[in-house]
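Visitor: Structure file coords-v4.cif (mmCIF, C-alpha atoms) right here:
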data_query
loop_
_atom_site.label_atom_id
_atom_site.label_comp_id
_atom_site.auth_asym_id
_atom_site.auth_seq_id
_atom_site.Cartn_x
_atom_site.Cartn_y
_atom_site.Cartn_z
CA MET A 20 -59.89 -24.41 12.79
CA GLY A 21 -57.10 -21.86 12.53
CA ASN A 22 -57.57 -20.74 16.16
CA ALA A 23 -57.59 -24.32 17.47
CA LEU A 24 -53.98 -24.64 16.31
CA LYS A 25 -52.80 -21.47 18.03
CA PRO A 26 -52.04 -22.89 21.53
CA LEU A 27 -50.23 -25.84 19.96
CA GLU A 28 -48.25 -23.51 17.70
CA TRP A 29 -47.38 -21.39 20.75
CA ILE A 30 -46.07 -24.46 22.58
CA LEU A 31 -44.08 -25.63 19.56
CA GLY A 32 -42.78 -22.08 19.17
CA ARG A 33 -41.46 -22.16 22.77
CA PHE A 34 -39.20 -25.07 21.82
CA SER A 35 -38.02 -23.43 18.60
CA VAL A 36 -34.98 -21.34 17.88
CA ASP A 37 -35.73 -18.17 15.90
CA MET A 38 -33.41 -17.94 12.93
CA GLY A 39 -32.25 -15.61 10.19
CA ILE A 40 -31.57 -17.14 6.78
CA ASP A 41 -29.50 -15.66 3.97
CA LEU A 42 -31.05 -17.74 1.19
CA GLY A 43 -28.45 -17.33 -1.55
CA THR A 44 -28.05 -18.68 -5.06
CA ALA A 45 -24.65 -20.16 -4.19
CA ASN A 46 -24.69 -20.53 -0.38
CA THR A 47 -27.27 -20.48 2.40
CA LEU A 48 -26.20 -19.12 5.79
CA VAL A 49 -28.21 -19.49 8.98
CA CYS A 50 -27.87 -17.17 11.96
CA VAL A 51 -29.40 -17.88 15.37
CA ARG A 52 -30.06 -15.43 18.18
CA GLY A 53 -27.25 -15.39 20.69
CA ARG A 54 -25.16 -17.94 18.77
CA GLY A 55 -24.26 -16.11 15.56
CA ILE A 56 -23.82 -17.95 12.28
CA ILE A 57 -24.15 -21.67 12.83
CA LEU A 58 -24.59 -22.95 9.27
CA ASN A 59 -22.97 -22.03 5.97
CA GLU A 60 -23.63 -24.58 3.25
CA PRO A 61 -23.98 -24.53 -0.55
CA SER A 62 -27.56 -24.11 -1.87
CA VAL A 63 -27.48 -27.49 -3.60
CA VAL A 64 -29.78 -30.51 -3.26
CA ALA A 65 -29.17 -34.00 -4.69
CA VAL A 66 -32.29 -35.84 -5.85
CA LYS A 67 -33.26 -39.01 -7.68
CA LYS A 68 -33.68 -38.11 -11.34
CA GLY A 69 -37.28 -37.72 -12.47
CA SER A 70 -38.52 -37.33 -8.89
CA ASN A 71 -38.02 -34.79 -6.13
CA GLU A 72 -36.88 -37.41 -3.64
CA VAL A 73 -33.82 -36.07 -1.81
CA LEU A 74 -31.05 -38.67 -1.46
CA LEU A 75 -29.56 -39.97 1.79
CA GLY A 76 -33.02 -39.85 3.40
CA GLY A 77 -33.44 -36.12 2.87
CA MET A 78 -29.88 -35.29 3.99
CA ALA A 79 -28.17 -34.86 0.58
CA VAL A 80 -28.23 -31.07 0.91
CA GLY A 81 -25.48 -28.48 1.12
CA ASN A 82 -21.89 -29.73 1.32
CA ALA A 83 -22.92 -33.36 0.74
CA ALA A 84 -24.69 -32.39 -2.50
CA LYS A 85 -22.20 -29.81 -3.81
CA SER A 86 -19.44 -32.38 -4.16
CA MET A 87 -21.80 -34.22 -6.55
CA LEU A 88 -22.26 -31.23 -8.94
CA GLY A 89 -21.11 -32.17 -12.42
CA ARG A 90 -20.16 -35.69 -11.26
CA THR A 91 -23.50 -37.47 -10.94
CA PRO A 92 -24.41 -40.77 -12.61
CA GLY A 93 -27.51 -40.87 -14.80
CA ASN A 94 -30.01 -41.58 -12.02
CA ILE A 95 -28.94 -38.73 -9.71
CA GLU A 96 -29.34 -34.99 -10.19
CA ALA A 97 -27.63 -32.23 -8.19
CA ILE A 98 -29.95 -29.20 -8.31
CA ARG A 99 -29.39 -25.58 -7.35
CA PRO A 100 -33.00 -24.57 -6.58
CA LEU A 101 -32.31 -20.83 -6.69
CA ARG A 102 -31.39 -18.92 -9.84
CA HIS A 103 -30.41 -15.26 -9.67
CA GLY A 104 -31.56 -15.13 -6.06
CA VAL A 105 -35.07 -16.29 -6.97
CA ILE A 106 -36.68 -19.67 -6.35
CA ALA A 107 -36.55 -21.68 -9.57
CA ASP A 108 -37.73 -24.94 -7.99
CA PHE A 109 -40.28 -24.59 -5.17
CA GLU A 110 -40.42 -28.16 -3.96
CA ILE A 111 -36.64 -28.50 -3.75
CA THR A 112 -36.30 -25.11 -1.99
CA GLU A 113 -38.85 -26.22 0.59
CA LYS A 114 -36.92 -29.44 1.20
CA MET A 115 -33.67 -27.50 1.49
CA LEU A 116 -35.22 -25.09 4.04
CA ARG A 117 -36.69 -28.02 5.97
CA TYR A 118 -33.20 -29.58 6.14
CA PHE A 119 -31.66 -26.33 7.46
CA ILE A 120 -34.45 -25.74 10.01
CA ALA A 121 -34.19 -29.34 11.28
CA LYS A 122 -30.37 -29.15 11.42
CA VAL A 123 -30.53 -26.03 13.62
CA HIS A 124 -32.93 -27.89 15.93
CA ASP A 125 -30.75 -31.02 16.15
CA GLY A 126 -32.96 -33.05 13.83
CA ARG A 127 -36.31 -32.22 15.51
CA HIS A 128 -38.89 -31.81 12.73
CA TRP A 129 -41.92 -30.63 14.74
CA VAL A 130 -40.53 -27.23 15.70
CA LYS A 131 -42.08 -23.94 14.52
CA PRO A 132 -39.47 -21.13 14.55
CA ARG A 133 -39.90 -17.53 13.50
CA VAL A 134 -37.71 -16.95 10.46
CA VAL A 135 -36.26 -13.82 8.85
CA ILE A 136 -35.19 -14.44 5.22
CA SER A 137 -33.21 -12.04 3.05
CA VAL A 138 -34.34 -11.64 -0.57
CA PRO A 139 -32.99 -9.72 -3.59
CA THR A 140 -34.28 -6.16 -4.04
CA GLY A 141 -35.83 -6.60 -7.45
CA ILE A 142 -38.05 -9.61 -6.85
CA THR A 143 -41.78 -9.43 -7.56
CA ALA A 144 -44.65 -9.79 -5.08
CA VAL A 145 -45.30 -13.27 -6.50
CA GLU A 146 -41.68 -14.30 -5.90
CA ARG A 147 -41.81 -12.86 -2.36
CA ARG A 148 -44.95 -14.89 -1.65
CA ALA A 149 -43.19 -17.99 -3.00
CA VAL A 150 -40.34 -17.55 -0.48
CA ILE A 151 -42.82 -17.08 2.39
CA HIS A 152 -44.90 -20.13 1.42
CA SER A 153 -41.81 -22.34 0.95
CA ALA A 154 -40.56 -21.39 4.42
CA GLU A 155 -43.98 -21.89 6.01
CA ARG A 156 -44.35 -25.32 4.45
CA ALA A 157 -40.82 -26.14 5.61
CA GLY A 158 -41.96 -25.51 9.20
CA ALA A 159 -41.68 -21.77 9.94
CA ARG A 160 -44.31 -20.31 12.30
CA LYS A 161 -43.93 -16.75 11.03
CA VAL A 162 -41.85 -15.54 8.10
CA TYR A 163 -40.41 -12.05 7.68
CA LEU A 164 -38.63 -10.90 4.52
CA ILE A 165 -35.89 -8.30 4.44
CA ASP A 166 -34.12 -6.93 1.37
CA GLU A 167 -30.54 -8.18 1.12
CA PRO A 168 -28.86 -4.73 0.99
CA MET A 169 -30.72 -3.65 4.14
CA ALA A 170 -29.72 -6.87 5.93
CA ALA A 171 -26.11 -6.38 4.81
CA GLY A 172 -26.14 -2.73 5.96
CA ILE A 173 -27.38 -3.78 9.40
CA GLY A 174 -24.90 -6.68 9.49
CA VAL A 175 -21.88 -4.42 8.90
CA ASP A 176 -23.15 -1.71 11.24
CA LEU A 177 -23.83 1.03 8.69
CA PRO A 178 -25.99 3.90 10.05
CA VAL A 179 -29.03 2.64 8.10
CA THR A 180 -31.64 4.09 10.50
CA GLU A 181 -30.11 7.59 10.47
CA ALA A 182 -30.74 10.44 8.02
CA ARG A 183 -27.46 9.71 6.31
CA GLY A 184 -26.84 7.97 3.01
CA SER A 185 -24.90 4.70 2.83
CA LEU A 186 -24.18 2.82 -0.40
CA ILE A 187 -23.94 -0.94 -0.15
CA VAL A 188 -22.96 -3.34 -2.93
CA ASP A 189 -23.68 -7.03 -2.31
CA ILE A 190 -22.01 -9.22 -4.96
CA GLY A 191 -23.51 -12.66 -4.46
CA GLY A 192 -23.67 -15.82 -6.57
CA GLY A 193 -26.67 -15.02 -8.75
CA THR A 194 -27.25 -11.29 -8.26
CA THR A 195 -25.41 -8.09 -7.40
CA GLU A 196 -27.55 -5.90 -5.16
CA VAL A 197 -26.80 -2.18 -5.10
CA ALA A 198 -28.71 0.12 -2.73
CA VAL A 199 -28.51 3.55 -1.16
CA LEU A 200 -29.86 3.20 2.39
CA SER A 201 -31.16 5.97 4.67
CA LEU A 202 -33.74 6.19 7.46
CA ALA A 203 -34.24 2.40 7.57
CA GLY A 204 -35.21 2.16 3.92
CA SER A 205 -33.81 1.98 0.39
CA VAL A 206 -33.68 5.38 -1.32
CA VAL A 207 -32.52 3.87 -4.62
CA ALA A 208 -31.95 0.16 -5.17
CA THR A 209 -31.41 -2.19 -8.04
CA SER A 210 -30.62 -5.83 -8.61
CA LEU A 211 -28.28 -6.91 -11.41
CA ARG A 212 -28.22 -10.51 -12.61
CA VAL A 213 -24.46 -10.45 -13.02
CA ALA A 214 -22.46 -11.82 -10.10
CA GLY A 215 -20.29 -14.79 -9.08
CA ASP A 216 -22.01 -17.28 -11.41
CA GLU A 217 -21.48 -15.02 -14.44
CA MET A 218 -17.81 -14.70 -13.48
CA ASP A 219 -17.53 -18.49 -13.42
CA GLU A 220 -19.23 -18.71 -16.82
CA ALA A 221 -16.82 -16.11 -18.22
CA ILE A 222 -13.90 -18.31 -17.07
CA VAL A 223 -15.49 -21.45 -18.60
CA SER A 224 -15.95 -19.76 -21.99
CA HIS A 225 -12.43 -18.23 -21.88
CA LEU A 226 -10.87 -21.69 -21.42
CA ARG A 227 -13.05 -23.14 -24.15
CA ARG A 228 -12.10 -20.39 -26.59
CA HIS A 229 -8.42 -19.88 -25.81
CA HIS A 230 -7.31 -23.29 -24.55
CA ASN A 231 -9.81 -25.67 -26.21
CA LEU A 232 -10.45 -26.98 -22.71
CA LEU A 233 -13.87 -27.83 -21.28
CA ILE A 234 -14.19 -27.40 -17.50
CA GLY A 235 -17.08 -27.56 -15.01
CA GLU A 236 -18.45 -24.80 -12.79
CA GLN A 237 -16.61 -26.07 -9.70
CA SER A 238 -13.26 -25.88 -11.53
CA ALA A 239 -14.12 -22.38 -12.78
CA GLU A 240 -14.91 -21.26 -9.24
CA ARG A 241 -11.60 -22.68 -8.02
CA ILE A 242 -9.72 -20.74 -10.75
CA LYS A 243 -11.58 -17.53 -9.78
CA LEU A 244 -10.67 -17.93 -6.11
CA THR A 245 -7.05 -18.91 -6.79
CA VAL A 246 -5.88 -16.58 -9.58
CA GLY A 247 -8.92 -14.38 -10.29
CA SER A 248 -8.63 -10.61 -9.88
CA ALA A 249 -10.28 -7.36 -10.94
CA TRP A 250 -7.11 -5.24 -10.61
CA PRO A 251 -3.43 -5.93 -11.45
CA LEU A 252 -1.66 -8.03 -8.81
CA GLU A 253 1.74 -7.14 -7.38
CA GLN A 254 2.84 -10.64 -8.27
CA GLU A 255 0.94 -12.19 -11.19
CA LEU A 256 0.02 -15.84 -10.62
CA SER A 257 -0.58 -18.96 -12.68
CA MET A 258 -2.19 -22.32 -12.00
CA GLU A 259 -2.72 -25.68 -13.62
CA VAL A 260 -6.23 -26.56 -14.80
CA LYS A 261 -7.52 -30.01 -15.73
CA GLY A 262 -10.45 -30.66 -18.02
CA ARG A 263 -11.50 -32.23 -21.30
CA ASP A 264 -9.92 -31.29 -24.61
CA SER A 265 -12.72 -29.97 -26.85
CA VAL A 266 -10.98 -31.29 -29.99
CA THR A 267 -9.81 -34.78 -29.01
CA GLY A 268 -12.35 -35.31 -26.20
CA LEU A 269 -9.59 -36.62 -23.92
CA PRO A 270 -8.65 -35.40 -20.43
CA ARG A 271 -5.68 -33.01 -20.33
CA ARG A 272 -4.20 -30.13 -18.38
CA ALA A 273 -3.40 -26.51 -19.23
CA THR A 274 -1.84 -23.55 -17.42
CA VAL A 275 -3.72 -20.28 -16.98
CA THR A 276 -2.38 -16.96 -15.70
CA SER A 277 -4.01 -14.32 -13.52
CA ILE A 278 -3.61 -11.81 -16.38
CA GLU A 279 -5.79 -13.78 -18.80
CA ILE A 280 -8.37 -14.60 -16.09
CA ARG A 281 -8.56 -10.89 -15.22
CA GLU A 282 -9.23 -10.19 -18.89
CA ALA A 283 -11.98 -12.86 -18.89
CA LEU A 284 -13.56 -11.30 -15.79
CA SER A 285 -13.34 -7.71 -17.05
CA GLU A 286 -16.81 -7.72 -18.64
CA PRO A 287 -18.81 -8.87 -15.56
CA VAL A 288 -16.76 -6.45 -13.40
CA ARG A 289 -17.52 -3.59 -15.81
CA GLN A 290 -21.25 -4.39 -15.72
CA ILE A 291 -21.22 -4.30 -11.90
CA CYS A 292 -19.44 -0.90 -11.96
CA GLU A 293 -21.97 0.47 -14.45
CA CYS A 294 -24.86 -0.73 -12.28
CA ILE A 295 -23.39 1.16 -9.28
CA ARG A 296 -23.00 4.26 -11.49
CA GLN A 297 -26.71 4.15 -12.40
CA VAL A 298 -27.71 3.98 -8.74
CA LEU A 299 -25.39 6.89 -7.90
CA GLU A 300 -26.88 8.97 -10.72
CA GLU A 301 -30.38 8.44 -9.32
CA ALA A 302 -29.47 9.29 -5.71
CA PRO A 303 -30.61 12.69 -4.38
CA PRO A 304 -27.83 15.35 -4.16
CA GLU A 305 -27.83 15.40 -0.32
CA ILE A 306 -27.13 11.68 -0.27
CA SER A 307 -24.45 12.04 -2.96
CA ALA A 308 -22.77 14.52 -0.62
CA ASP A 309 -22.79 11.91 2.19
CA LEU A 310 -21.33 9.27 -0.15
CA VAL A 311 -18.30 11.37 -1.09
CA ASP A 312 -17.02 10.69 2.44
CA SER A 313 -18.57 7.34 3.35
CA GLY A 314 -17.89 5.76 -0.06
CA ILE A 315 -19.03 2.31 -1.16
CA THR A 316 -19.27 -0.70 1.16
CA ILE A 317 -18.81 -4.06 -0.59
CA VAL A 318 -20.12 -7.34 0.83
CA GLY A 319 -20.97 -10.83 -0.46
CA GLY A 320 -18.83 -13.62 -1.88
CA GLY A 321 -17.84 -11.49 -4.89
CA ALA A 322 -16.12 -9.07 -2.49
CA LEU A 323 -13.45 -11.76 -2.08
CA LEU A 324 -12.34 -11.30 -5.71
CA HIS A 325 -8.92 -9.71 -5.46
CA GLY A 326 -8.85 -6.01 -6.36
CA ILE A 327 -12.60 -5.49 -6.67
CA PRO A 328 -12.62 -2.34 -4.45
CA GLU A 329 -9.77 -0.82 -6.48
CA ALA A 330 -11.59 -1.55 -9.76
CA ILE A 331 -14.86 -0.02 -8.51
CA SER A 332 -13.12 2.99 -6.97
CA ASP A 333 -11.16 3.61 -10.17
CA HIS A 334 -14.30 3.37 -12.30
CA LEU A 335 -16.43 5.69 -10.16
CA GLY A 336 -13.93 8.01 -8.50
CA ILE A 337 -15.17 7.49 -4.92
CA PRO A 338 -13.62 5.28 -2.24
CA ALA A 339 -14.74 1.64 -2.02
CA HIS A 340 -13.87 -0.87 0.68
CA VAL A 341 -14.61 -4.49 1.53
CA VAL A 342 -15.87 -5.24 5.05
CA ASP A 343 -14.44 -7.93 7.32
CA GLU A 344 -16.06 -11.31 6.64
CA PRO A 345 -18.08 -10.07 3.64
CA LEU A 346 -19.64 -13.51 3.05
CA SER A 347 -21.62 -13.47 6.27
CA ALA A 348 -22.72 -9.80 6.33
CA VAL A 349 -26.29 -10.47 5.17
CA ALA A 350 -26.74 -13.42 7.55
CA ARG A 351 -25.38 -11.35 10.46
CA GLY A 352 -27.90 -8.65 9.54
CA THR A 353 -30.81 -11.10 9.66
CA GLY A 354 -29.63 -12.15 13.14
CA ILE A 355 -29.50 -8.55 14.43
CA PHE A 356 -32.93 -8.09 12.89
CA LEU A 357 -34.34 -10.91 15.00
CA ASP A 358 -33.09 -9.17 18.14
CA LYS A 359 -34.70 -5.88 17.16
CA LEU A 360 -37.88 -6.99 15.39
CA ASP A 361 -39.92 -4.25 17.06
CA VAL A 362 -37.54 -1.50 15.85
CA PHE A 363 -37.25 -2.80 12.31
CA SER A 364 -40.77 -4.10 11.73
CA GLN A 365 -41.57 -1.08 9.55
CA VAL A 366 -39.12 -2.27 6.87
CA LEU A 367 -40.25 -5.90 6.95
CA THR A 368 -42.54 -7.81 4.66
CA THR A 369 -44.61 -10.51 6.33
CA ASP A 370 -47.21 -12.78 4.81
CA GLU A 371 -49.93 -10.23 5.67
CA ASP A 372 -48.41 -7.64 3.34
CA THR A 373 -48.21 -9.84 0.24
#
Take the structure in the file and write it out as structure tokens.
Guide:
Amino acid sequence: MGNALKPLEWILGRFSVDMGIDLGTANTLVCVRGRGIILNEPSVVAVKKGSNEVLLGGMAVGNAAKSMLGRTPGNIEAIRPLRHGVIADFEITEKMLRYFIAKVHDGRHWVKPRVVISVPTGITAVERRAVIHSAERAGARKVYLIDEPMAAGIGVDLPVTEARGSLIVDIGGGTTEVAVLSLAGSVVATSLRVAGDEMDEAIVSHLRRHHNLLIGEQSAERIKLTVGSAWPLEQELSMEVKGRDSVTGLPRRATVTSIEIREALSEPVRQICECIRQVLEEAPPEISADLVDSGITIVGGGALLHGIPEAISDHLGIPAHVVDEPLSAVARGTGIFLDKLDVFSQVLTTDEDT
């Protein structure tokens, strides 16, 4: 039975566009051979409550669904199917992947592309298999998995295949990935469940404690992007925040400053620095010698937090820098991967390995 499908799959494959997917807790980016990054949408799906029926005929995914977060009436639910970089809701993840695959193929649902998906370093074999099965059920012909730090290293052109150590820090939405890469593999790697989401939560609890103001995660993210920082600013900022008074229960506004938000963010930033320190302590001496010069490369959405390289560099005493377009580094890496599958196949996981 399996072989009977092969010619058909081959034909469907000829009409498909191979794609690399950075399946993130906060955002999903899709990269296509020869065209670069063509999709960057929030990893959010809006469904009818009590069922897994996606609204708008399966199209309430990404940007359309994110605007609904925290604002839905009782019969609608906006779900983020990934938590800490891991699938928390299989059925919804599959529907989200199906939406992205169909969108790349201009709405054609019968296509069978090859797909490279980036996953956090620390996930288990069971979780890896879950990603592969979700993608296969969403229409992928063949699924390859690549660890996020490796994809990011390839995406920002670090010498990952050479006998030289590179340290990459990927601060995402749900996880911070830290890895020392050399000879197309991870020498030391770890995954910390403190990243952008924890920063948002720190801002929410700061406003609740110090301003008696209740705000949602979208407002917290806006505060982080507008006045958030990990290092003193030349010109300290302030902004107006609107939310619900926790005492009276009525809507009101308050003003927050970049100084107090930096204080609120200091704990997640410290945890990220400590995680990098642990990885550095485990790295072999020869690689440590390489890192004195090459320093730390920071990618991911968290790299956009003002002053994060200065904070990390100050904490660890070695240079740290943020790459250009840090948000798309992992997705770019999955795209380069597709072009060089034969070269990189030794560091891939496919469904045969799991």
Visitor: Can you check which parts of range 166-217 of chain A lie within 8 Å of range 278-295 of chain A? Per residue, the shortest pair of atoms and distance in Å to one decimal, counting all atoms listed in the file, sorted by chain and number, as a tab-separated table.
Guide:
residue	atom	partner	partner_atom	distance
A:Val188	CA	A:Ile295	CA	7.8
A:Thr195	CA	A:Ile291	CA	7.2
A:Val197	CA	A:Ile295	CA	6.3
A:Thr209	CA	A:Cys294	CA	7.9
A:Leu211	CA	A:Cys294	CA	7.1
A:Val213	CA	A:Pro287	CA	6.4
A:Ala214	CA	A:Pro287	CA	7.2
A:Glu217	CA	A:Pro287	CA	6.8
Visitor: What is the distance between CA of Leu252 in chain A and CA of Leu323 in chain A, in Å to one decimal?
Guide: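 We find that CA of Leu252 in chain A and CA of Leu323 in chain A lie 14.1 Å from each other.
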Visitor: Tell me, in Å to one decimal, how far CA of Ile315 in chain A is from CA of Arg147 in chain A.
Guide: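 According to the coordinates, CA of Ile315 in chain A and CA of Arg147 in chain A are separated by 27.4 Å.
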Visitor: Suppose you want the space between CA of Pro304 in chain A and CA of Gly326 in chain A; what is it in Å?
Guide: 28.7 Å
Visitor: Counting all atoms listed in the file, which of A:Pro178, A:Gly193, A:Pro92, A:Gly53 gets nearest to Ala107 in chain A?
Guide: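 Of the candidates, the smallest distance to Ala107 in chain A is held by A:Gly193.
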Visitor: Applied to the shown file, which residues does the PyMOL selection byres ((chain A and resi 219) around 10) return, written as a VMD selection string?
Guide: chain A and resid 192 214 to 218 220 to 225 235 to 243 283 to 284 287
Visitor: Which residue is closest to Phe109 in chain A? Choose from A:Ala154, A:Ala79, A:Val341, A:Ala203 and count all atoms listed in the file.
Guide: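 Distance minimum relative to Phe109 in chain A lands on A:Ala154.
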Visitor: Considering all atoms listed in the file, can you say which of A:Val275, A:Val66, A:Leu116, A:Lys131 comes closest to Val150 in chain A?
Guide: A:Leu116
Visitor: Which residues would end up in the selection if the PyMOL selection byres ((chain A and resi 303) around 12) were applied here, given that I need the answer as a list in words?
Guide: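 For this structure, the PyMOL selection byres ((chain A and resi 303) around 12) captures Arg183, Gly184, Val199, Leu200, Ser201, Val206, Val207, Val298, Leu299, Glu300, Glu301, Ala302, Pro304, Glu305, Ile306, Ser307, Ala308, Asp309 and Leu310 of chain A.
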Visitor: Tell me which residues the PyMOL selection byres ((chain A and resi 50) around 8) grabs here, as a VMD selection string.
Guide: chain A and resid 38 to 40 48 to 49 51 to 52 54 to 58 350 to 351 353 to 354
Visitor: Between A:Ser265, A:Thr47, A:Ser86, A:Ser70, which has the minimum distance to Arg227 in chain A (counting only C-alpha atoms)?
Guide: A:Ser265
Visitor: Taking into account all atoms listed in the file, which residue in the set A:Ser205, A:Ser185, A:Asn71, A:Asn231 is nearest to Thr267 in chain A?
Guide: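 When distances to Thr267 in chain A are compared using all atoms listed in the file, the smallest one comes from A:Asn231.
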Visitor: Do you know which residues are at most 6 Å from Ile173 in chain A counting only C-alpha atoms, after dropping those on the same chain fewer than 3 positions away, and could you put them as a PyMOL selection string?
Guide: chain A and resi 170+176+352
Visitor: Would you mind listing, for every residue of range 54-137 of chain A within 9 Å of range 157-169 of chain A, the two atoms forming the shortest contact and the distance between them in Å to one decimal, using only C-alpha atoms, sorted by chain and ascending residue number, as a tab-separated table?
Guide:
residue	atom	partner	partner_atom	distance
A:Thr112	CA	A:Ala157	CA	8.9
A:Glu113	CA	A:Ala157	CA	5.4
A:Lys114	CA	A:Ala157	CA	6.7
A:Met115	CA	A:Ala157	CA	8.4
A:Leu116	CA	A:Ala157	CA	5.9
A:Arg117	CA	A:Ala157	CA	4.6
A:Tyr118	CA	A:Ala157	CA	8.4
A:Ile120	CA	A:Gly158	CA	7.6
A:Ala121	CA	A:Gly158	CA	8.9
A:His128	CA	A:Gly158	CA	7.8
A:Trp129	CA	A:Gly158	CA	7.5
A:Val130	CA	A:Gly158	CA	6.9
A:Lys131	CA	A:Arg160	CA	4.8
A:Pro132	CA	A:Ala159	CA	5.2
A:Arg133	CA	A:Lys161	CA	4.8
A:Val134	CA	A:Val162	CA	5.0
A:Val135	CA	A:Tyr163	CA	4.7
A:Ile136	CA	A:Leu164	CA	5.0
A:Ser137	CA	A:Ile165	CA	4.8
Visitor: I need range 104-121 of chain A written out with N, CA and C atoms, as an mmCIF file, in the first residue's frame; please produce it.
Guide:
data_model
loop_
_atom_site.group_PDB
_atom_site.id
_atom_site.type_symbol
_atom_site.label_atom_id
_atom_site.label_comp_id
_atom_site.auth_asym_id
_atom_site.auth_seq_id
_atom_site.Cartn_x
_atom_site.Cartn_y
_atom_site.Cartn_z
ATOM 1 N N GLY A 104 8.398 26.499 23.405
ATOM 2 C CA GLY A 104 8.971 25.887 22.217
ATOM 3 C C GLY A 104 8.502 24.474 21.944
ATOM 4 N N VAL A 105 7.603 23.953 22.758
ATOM 5 C CA VAL A 105 7.139 22.572 22.631
ATOM 6 C C VAL A 105 5.642 22.580 22.337
ATOM 7 N N ILE A 106 5.197 21.598 21.547
ATOM 8 C CA ILE A 106 3.773 21.533 21.209
ATOM 9 C C ILE A 106 2.953 21.206 22.459
ATOM 10 N N ALA A 107 2.040 22.099 22.793
ATOM 11 C CA ALA A 107 1.149 21.863 23.933
ATOM 12 C C ALA A 107 -0.212 21.376 23.445
ATOM 13 N N ASP A 108 -0.537 21.681 22.192
ATOM 14 C CA ASP A 108 -1.818 21.263 21.627
ATOM 15 C C ASP A 108 -1.588 20.754 20.204
ATOM 16 N N PHE A 109 -1.620 19.409 20.052
ATOM 17 C CA PHE A 109 -1.238 18.790 18.780
ATOM 18 C C PHE A 109 -2.163 19.164 17.637
ATOM 19 N N GLU A 110 -3.467 19.029 17.903
ATOM 20 C CA GLU A 110 -4.438 19.246 16.836
ATOM 21 C C GLU A 110 -4.365 20.671 16.298
ATOM 22 N N ILE A 111 -4.223 21.625 17.225
ATOM 23 C CA ILE A 111 -4.166 23.038 16.809
ATOM 24 C C ILE A 111 -2.859 23.323 16.065
ATOM 25 N N THR A 112 -1.755 22.713 16.522
ATOM 26 C CA THR A 112 -0.467 22.904 15.830
ATOM 27 C C THR A 112 -0.556 22.389 14.401
ATOM 28 N N GLU A 113 -1.183 21.231 14.253
ATOM 29 C CA GLU A 113 -1.341 20.645 12.915
ATOM 30 C C GLU A 113 -2.140 21.584 12.006
ATOM 31 N N LYS A 114 -3.208 22.161 12.563
ATOM 32 C CA LYS A 114 -4.033 23.073 11.762
ATOM 33 C C LYS A 114 -3.259 24.342 11.403
ATOM 34 N N MET A 115 -2.435 24.800 12.363
ATOM 35 C CA MET A 115 -1.622 25.993 12.107
ATOM 36 C C MET A 115 -0.605 25.705 11.001
ATOM 37 N N LEU A 116 0.057 24.539 11.064
ATOM 38 C CA LEU A 116 1.029 24.171 10.025
ATOM 39 C C LEU A 116 0.344 24.018 8.675
ATOM 40 N N ARG A 117 -0.852 23.423 8.686
ATOM 41 C CA ARG A 117 -1.593 23.239 7.424
ATOM 42 C C ARG A 117 -1.895 24.608 6.799
ATOM 43 N N TYR A 118 -2.265 25.572 7.649
ATOM 44 C CA TYR A 118 -2.554 26.932 7.170
ATOM 45 C C TYR A 118 -1.306 27.537 6.517
ATOM 46 N N PHE A 119 -0.139 27.394 7.195
ATOM 47 C CA PHE A 119 1.096 27.991 6.666
ATOM 48 C C PHE A 119 1.531 27.302 5.371
ATOM 49 N N ILE A 120 1.421 25.957 5.335
ATOM 50 C CA ILE A 120 1.820 25.225 4.120
ATOM 51 C C ILE A 120 0.920 25.625 2.951
ATOM 52 N N ALA A 121 -0.400 25.718 3.204
ATOM 53 C CA ALA A 121 -1.340 26.094 2.138
ATOM 54 C C ALA A 121 -1.104 27.537 1.690
#
